[in-house]
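K.L.:
Dropping in coords-v9.txt, with compact mmCIF, N, CA and C atoms.
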```txt
# COMPACT_ATOMS: atom_id res chain seq x y z
N MET B 1 120.12 93.40 98.62
CA MET B 1 119.03 92.60 98.10
C MET B 1 117.79 93.47 97.95
N THR B 2 117.17 93.42 96.82
CA THR B 2 115.97 94.20 96.56
C THR B 2 114.75 93.33 96.83
N THR B 3 113.82 93.90 97.57
CA THR B 3 112.59 93.18 97.85
C THR B 3 111.47 93.79 97.02
N SER B 4 110.42 93.04 96.87
CA SER B 4 109.27 93.49 96.10
C SER B 4 108.18 93.97 97.06
N ILE B 5 107.51 95.04 96.67
CA ILE B 5 106.41 95.60 97.45
C ILE B 5 105.15 95.48 96.60
N ALA B 6 104.13 94.84 97.13
CA ALA B 6 102.84 94.69 96.44
C ALA B 6 101.89 95.74 96.99
N ILE B 7 101.49 96.68 96.13
CA ILE B 7 100.56 97.73 96.53
C ILE B 7 99.36 97.72 95.60
N GLU B 8 98.36 98.51 95.95
CA GLU B 8 97.23 98.75 95.06
C GLU B 8 97.26 100.23 94.71
N LEU B 9 97.32 100.52 93.41
CA LEU B 9 97.41 101.90 92.92
C LEU B 9 96.17 102.20 92.08
N ASN B 10 95.35 103.10 92.57
CA ASN B 10 94.11 103.47 91.88
C ASN B 10 93.30 102.23 91.52
N GLY B 11 93.22 101.29 92.47
CA GLY B 11 92.40 100.11 92.30
C GLY B 11 93.04 98.96 91.55
N GLU B 12 94.29 99.13 91.09
CA GLU B 12 94.98 98.09 90.33
C GLU B 12 96.19 97.58 91.10
N PRO B 13 96.41 96.27 91.15
CA PRO B 13 97.60 95.74 91.81
C PRO B 13 98.86 96.16 91.07
N ARG B 14 99.91 96.41 91.83
CA ARG B 14 101.18 96.84 91.23
C ARG B 14 102.32 96.35 92.11
N GLU B 15 103.39 95.91 91.47
CA GLU B 15 104.59 95.47 92.19
C GLU B 15 105.67 96.53 92.01
N LEU B 16 106.33 96.87 93.11
CA LEU B 16 107.42 97.83 93.08
C LEU B 16 108.67 97.18 93.63
N ALA B 17 109.83 97.63 93.14
CA ALA B 17 111.08 97.23 93.75
C ALA B 17 111.21 98.05 95.02
N GLY B 18 111.51 97.41 96.13
CA GLY B 18 111.58 98.14 97.38
C GLY B 18 113.00 98.23 97.87
N PRO B 19 113.24 99.04 98.87
CA PRO B 19 112.28 99.95 99.49
C PRO B 19 111.95 101.12 98.57
N ALA B 20 110.77 101.69 98.77
CA ALA B 20 110.31 102.80 97.92
C ALA B 20 109.50 103.78 98.76
N THR B 21 109.51 105.03 98.31
CA THR B 21 108.72 106.08 98.94
C THR B 21 107.65 106.55 97.96
N VAL B 22 106.76 107.40 98.43
CA VAL B 22 105.77 107.99 97.55
C VAL B 22 106.46 108.75 96.41
N ALA B 23 107.52 109.47 96.73
CA ALA B 23 108.27 110.21 95.70
C ALA B 23 108.85 109.26 94.65
N ASP B 24 109.37 108.12 95.10
CA ASP B 24 109.90 107.12 94.16
C ASP B 24 108.81 106.61 93.23
N LEU B 25 107.63 106.33 93.78
CA LEU B 25 106.52 105.84 92.98
C LEU B 25 106.12 106.86 91.93
N LEU B 26 105.99 108.12 92.34
CA LEU B 26 105.60 109.17 91.39
C LEU B 26 106.62 109.29 90.26
N ALA B 27 107.90 109.23 90.60
CA ALA B 27 108.95 109.30 89.57
C ALA B 27 108.86 108.10 88.63
N ALA B 28 108.60 106.92 89.19
CA ALA B 28 108.54 105.69 88.38
C ALA B 28 107.39 105.72 87.38
N ILE B 29 106.29 106.37 87.74
CA ILE B 29 105.15 106.41 86.82
C ILE B 29 105.08 107.72 86.05
N GLY B 30 106.09 108.57 86.23
CA GLY B 30 106.22 109.77 85.42
C GLY B 30 105.28 110.91 85.77
N LEU B 31 104.91 111.02 87.05
CA LEU B 31 104.03 112.11 87.46
C LEU B 31 104.81 113.18 88.21
N ASP B 32 104.45 114.43 87.96
CA ASP B 32 105.05 115.58 88.64
C ASP B 32 104.42 115.70 90.03
N ALA B 33 105.23 115.58 91.06
CA ALA B 33 104.73 115.62 92.44
C ALA B 33 104.00 116.93 92.76
N ARG B 34 104.28 117.98 92.01
CA ARG B 34 103.62 119.27 92.26
C ARG B 34 102.19 119.29 91.71
N LYS B 35 101.84 118.31 90.89
CA LYS B 35 100.55 118.33 90.21
C LYS B 35 99.65 117.16 90.57
N VAL B 36 99.93 116.52 91.71
CA VAL B 36 99.11 115.39 92.13
C VAL B 36 98.78 115.49 93.62
N ALA B 37 97.73 114.78 93.99
CA ALA B 37 97.41 114.56 95.40
C ALA B 37 97.47 113.05 95.61
N VAL B 38 98.02 112.64 96.75
CA VAL B 38 98.20 111.21 97.04
C VAL B 38 97.48 110.87 98.34
N GLU B 39 96.68 109.81 98.26
CA GLU B 39 96.03 109.27 99.45
C GLU B 39 96.62 107.88 99.67
N ARG B 40 97.06 107.62 100.90
CA ARG B 40 97.64 106.31 101.25
C ARG B 40 96.85 105.74 102.41
N ASN B 41 96.22 104.61 102.17
CA ASN B 41 95.42 103.95 103.21
C ASN B 41 94.40 104.91 103.83
N LEU B 42 93.70 105.62 102.95
CA LEU B 42 92.61 106.54 103.31
C LEU B 42 93.07 107.80 104.02
N GLU B 43 94.36 108.12 103.98
CA GLU B 43 94.87 109.36 104.56
C GLU B 43 95.65 110.12 103.51
N ILE B 44 95.40 111.44 103.42
CA ILE B 44 96.13 112.28 102.48
C ILE B 44 97.59 112.37 102.92
N VAL B 45 98.50 112.20 101.98
CA VAL B 45 99.93 112.33 102.26
C VAL B 45 100.33 113.77 101.94
N PRO B 46 100.82 114.53 102.92
CA PRO B 46 101.26 115.90 102.63
C PRO B 46 102.39 115.89 101.61
N ARG B 47 102.31 116.77 100.64
CA ARG B 47 103.31 116.83 99.56
C ARG B 47 104.72 116.96 100.14
N SER B 48 104.87 117.69 101.24
CA SER B 48 106.19 117.91 101.84
C SER B 48 106.81 116.63 102.40
N THR B 49 106.01 115.57 102.53
CA THR B 49 106.54 114.31 103.09
C THR B 49 106.64 113.18 102.07
N TYR B 50 106.41 113.45 100.79
CA TYR B 50 106.47 112.40 99.78
C TYR B 50 107.80 111.63 99.83
N ALA B 51 108.92 112.33 99.99
CA ALA B 51 110.24 111.68 99.97
C ALA B 51 110.49 110.84 101.22
N GLU B 52 109.78 111.12 102.31
CA GLU B 52 109.99 110.38 103.55
C GLU B 52 108.94 109.32 103.80
N THR B 53 107.85 109.32 103.02
CA THR B 53 106.76 108.39 103.27
C THR B 53 107.05 107.06 102.57
N ALA B 54 107.46 106.08 103.38
CA ALA B 54 107.82 104.76 102.86
C ALA B 54 106.57 103.97 102.52
N LEU B 55 106.65 103.23 101.43
CA LEU B 55 105.56 102.35 101.03
C LEU B 55 105.82 100.95 101.57
N ALA B 56 104.74 100.25 101.88
CA ALA B 56 104.84 98.88 102.39
C ALA B 56 103.86 98.00 101.65
N SER B 57 104.15 96.71 101.59
CA SER B 57 103.23 95.77 100.96
C SER B 57 101.86 95.89 101.61
N GLY B 58 100.84 95.90 100.77
CA GLY B 58 99.47 96.03 101.25
C GLY B 58 98.94 97.46 101.25
N ASP B 59 99.82 98.45 101.02
CA ASP B 59 99.35 99.84 100.98
C ASP B 59 98.39 100.02 99.82
N ARG B 60 97.37 100.82 100.06
CA ARG B 60 96.39 101.17 99.01
C ARG B 60 96.54 102.66 98.74
N LEU B 61 96.90 102.99 97.51
CA LEU B 61 97.13 104.39 97.14
C LEU B 61 96.16 104.83 96.06
N GLU B 62 95.75 106.07 96.18
CA GLU B 62 94.96 106.73 95.15
C GLU B 62 95.73 107.99 94.77
N ILE B 63 95.95 108.19 93.49
CA ILE B 63 96.65 109.38 93.02
C ILE B 63 95.72 110.11 92.08
N VAL B 64 95.56 111.41 92.36
CA VAL B 64 94.72 112.27 91.52
C VAL B 64 95.64 113.29 90.87
N HIS B 65 95.56 113.39 89.55
CA HIS B 65 96.39 114.32 88.78
C HIS B 65 95.57 115.57 88.47
N PHE B 66 96.12 116.72 88.81
CA PHE B 66 95.43 117.99 88.54
C PHE B 66 95.65 118.39 87.09
N ILE B 67 94.58 118.79 86.44
CA ILE B 67 94.65 119.22 85.05
C ILE B 67 94.13 120.65 84.98
N GLY B 68 94.96 121.54 84.47
CA GLY B 68 94.56 122.94 84.35
C GLY B 68 93.77 123.17 83.07
N GLY B 69 93.03 124.21 83.08
CA GLY B 69 92.25 124.55 81.89
C GLY B 69 91.74 125.96 82.01
N GLY B 70 91.01 126.36 81.03
CA GLY B 70 90.53 127.71 81.16
C GLY B 70 89.53 128.02 80.18
```
When written as structure tokens, how does the structure in this file appear?

P.N.:
Amino acid sequence: MTTSIAIELNGEPRELAGPATVADLLAAIGLDARKVAVERNLEIVPRSTYAETALASGDRLEIVHFIGGG
């Protein structure tokens, strides 16, 4: 049985099929995990733990995408 997870992503409500991890969320929205920083409930999530960091209803996430230039 799949459950739904209600999170806030960059200030916008979002529903996810659960269970899900930070890595799952990044894949679902098409972001390269190597090029983003993720904050979950006011704490930075280390990139090395994206696949193990489970999301729960009520989590507030901020994702910042790095853009190169020169």

K.L.:
Could you tell me which of B:Ile7, B:Ala23, B:Asp59, B:Ile67 comes closest to Asn41 of chain B if we count only N, CA and C atoms?

P.N.:
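Closest residue, counting only N, CA and C atoms: B:Asp59.
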
K.L.:
Step one, run DSSP on the backbone; step two, keep only residues of chain B assigned to strand (DSSP E or B); then write them as a PyMOL selection string.

P.N.:
chain B and resi 3-9+12-18+21+36-40+43-45+54+60-65

K.L.:
Hey, which of B:Val45, B:Leu31, B:Ile5, B:Ala37 ends up closest to Ala17 of chain B? Count all atoms listed in the file.

P.N.:
B:Ile5

K.L.:
Within 12 Å of Glu15 of chain B, counting only C-alpha atoms, which residues qualify if same-chain residues fewer than 3 places away don't, as an MDAnalysis selection string?

P.N.:
chainID B and resid 3:9 12 18:20 25 28 55:59

K.L.:
Convert the current residue selection to file output with N, CA and C atoms, as a PDB file, in the frame of the given file.

P.N.:
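So the final result, stored in again-v2.pdb, reads:
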```pdb
ATOM      1  N   THR B   3     113.820  93.900  97.570  1.00  0.00           N
ATOM      2  CA  THR B   3     112.590  93.180  97.850  1.00  0.00           C
ATOM      3  C   THR B   3     111.470  93.790  97.020  1.00  0.00           C
ATOM      4  N   SER B   4     110.420  93.040  96.870  1.00  0.00           N
ATOM      5  CA  SER B   4     109.270  93.490  96.100  1.00  0.00           C
ATOM      6  C   SER B   4     108.180  93.970  97.060  1.00  0.00           C
ATOM      7  N   ILE B   5     107.510  95.040  96.670  1.00  0.00           N
ATOM      8  CA  ILE B   5     106.410  95.600  97.450  1.00  0.00           C
ATOM      9  C   ILE B   5     105.150  95.480  96.600  1.00  0.00           C
ATOM     10  N   ALA B   6     104.130  94.840  97.130  1.00  0.00           N
ATOM     11  CA  ALA B   6     102.840  94.690  96.440  1.00  0.00           C
ATOM     12  C   ALA B   6     101.890  95.740  96.990  1.00  0.00           C
ATOM     13  N   ILE B   7     101.490  96.680  96.130  1.00  0.00           N
ATOM     14  CA  ILE B   7     100.560  97.730  96.530  1.00  0.00           C
ATOM     15  C   ILE B   7      99.360  97.720  95.600  1.00  0.00           C
ATOM     16  N   GLU B   8      98.360  98.510  95.950  1.00  0.00           N
ATOM     17  CA  GLU B   8      97.230  98.750  95.060  1.00  0.00           C
ATOM     18  C   GLU B   8      97.260 100.230  94.710  1.00  0.00           C
ATOM     19  N   LEU B   9      97.320 100.520  93.410  1.00  0.00           N
ATOM     20  CA  LEU B   9      97.410 101.900  92.920  1.00  0.00           C
ATOM     21  C   LEU B   9      96.170 102.200  92.080  1.00  0.00           C
ATOM     22  N   GLU B  12      94.290  99.130  91.090  1.00  0.00           N
ATOM     23  CA  GLU B  12      94.980  98.090  90.330  1.00  0.00           C
ATOM     24  C   GLU B  12      96.190  97.580  91.100  1.00  0.00           C
ATOM     25  N   GLY B  18     111.510  97.410  96.130  1.00  0.00           N
ATOM     26  CA  GLY B  18     111.580  98.140  97.380  1.00  0.00           C
ATOM     27  C   GLY B  18     113.000  98.230  97.870  1.00  0.00           C
ATOM     28  N   PRO B  19     113.240  99.040  98.870  1.00  0.00           N
ATOM     29  CA  PRO B  19     112.280  99.950  99.490  1.00  0.00           C
ATOM     30  C   PRO B  19     111.950 101.120  98.570  1.00  0.00           C
ATOM     31  N   ALA B  20     110.770 101.690  98.770  1.00  0.00           N
ATOM     32  CA  ALA B  20     110.310 102.800  97.920  1.00  0.00           C
ATOM     33  C   ALA B  20     109.500 103.780  98.760  1.00  0.00           C
ATOM     34  N   LEU B  25     107.630 106.330  93.780  1.00  0.00           N
ATOM     35  CA  LEU B  25     106.520 105.840  92.980  1.00  0.00           C
ATOM     36  C   LEU B  25     106.120 106.860  91.930  1.00  0.00           C
ATOM     37  N   ALA B  28     108.600 106.920  89.190  1.00  0.00           N
ATOM     38  CA  ALA B  28     108.540 105.690  88.380  1.00  0.00           C
ATOM     39  C   ALA B  28     107.390 105.720  87.380  1.00  0.00           C
ATOM     40  N   LEU B  55     106.650 103.230 101.430  1.00  0.00           N
ATOM     41  CA  LEU B  55     105.560 102.350 101.030  1.00  0.00           C
ATOM     42  C   LEU B  55     105.820 100.950 101.570  1.00  0.00           C
ATOM     43  N   ALA B  56     104.740 100.250 101.880  1.00  0.00           N
ATOM     44  CA  ALA B  56     104.840  98.880 102.390  1.00  0.00           C
ATOM     45  C   ALA B  56     103.860  98.000 101.650  1.00  0.00           C
ATOM     46  N   SER B  57     104.150  96.710 101.590  1.00  0.00           N
ATOM     47  CA  SER B  57     103.230  95.770 100.960  1.00  0.00           C
ATOM     48  C   SER B  57     101.860  95.890 101.610  1.00  0.00           C
ATOM     49  N   GLY B  58     100.840  95.900 100.770  1.00  0.00           N
ATOM     50  CA  GLY B  58      99.470  96.030 101.250  1.00  0.00           C
ATOM     51  C   GLY B  58      98.940  97.460 101.250  1.00  0.00           C
ATOM     52  N   ASP B  59      99.820  98.450 101.020  1.00  0.00           N
ATOM     53  CA  ASP B  59      99.350  99.840 100.980  1.00  0.00           C
ATOM     54  C   ASP B  59      98.390 100.020  99.820  1.00  0.00           C
TER      55      ASP B  59
END
```

K.L.:
Could you tell me how far atom C of Gly69 of chain B sits from atom C of Ile29 of chain B, in Å to one decimal place?

P.N.:
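So the answer is 23.0 Å.
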
K.L.:
So what do you get for atom CA of Asp32 of chain B versus atom CA of Pro46 of chain B, distance-wise?

P.N.:
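Interatomic distance, atom CA of Asp32 of chain B to atom CA of Pro46 of chain B: 14.5 Å.
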
K.L.:
May I ask which of the residues B:Leu16, B:Lys35, B:Ser48, B:Gly11 is the closest one to Phe66 of chain B, counting only N, CA and C atoms?

P.N.:
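Looking at the shortest contact to Phe66 of chain B, the residue is B:Lys35.
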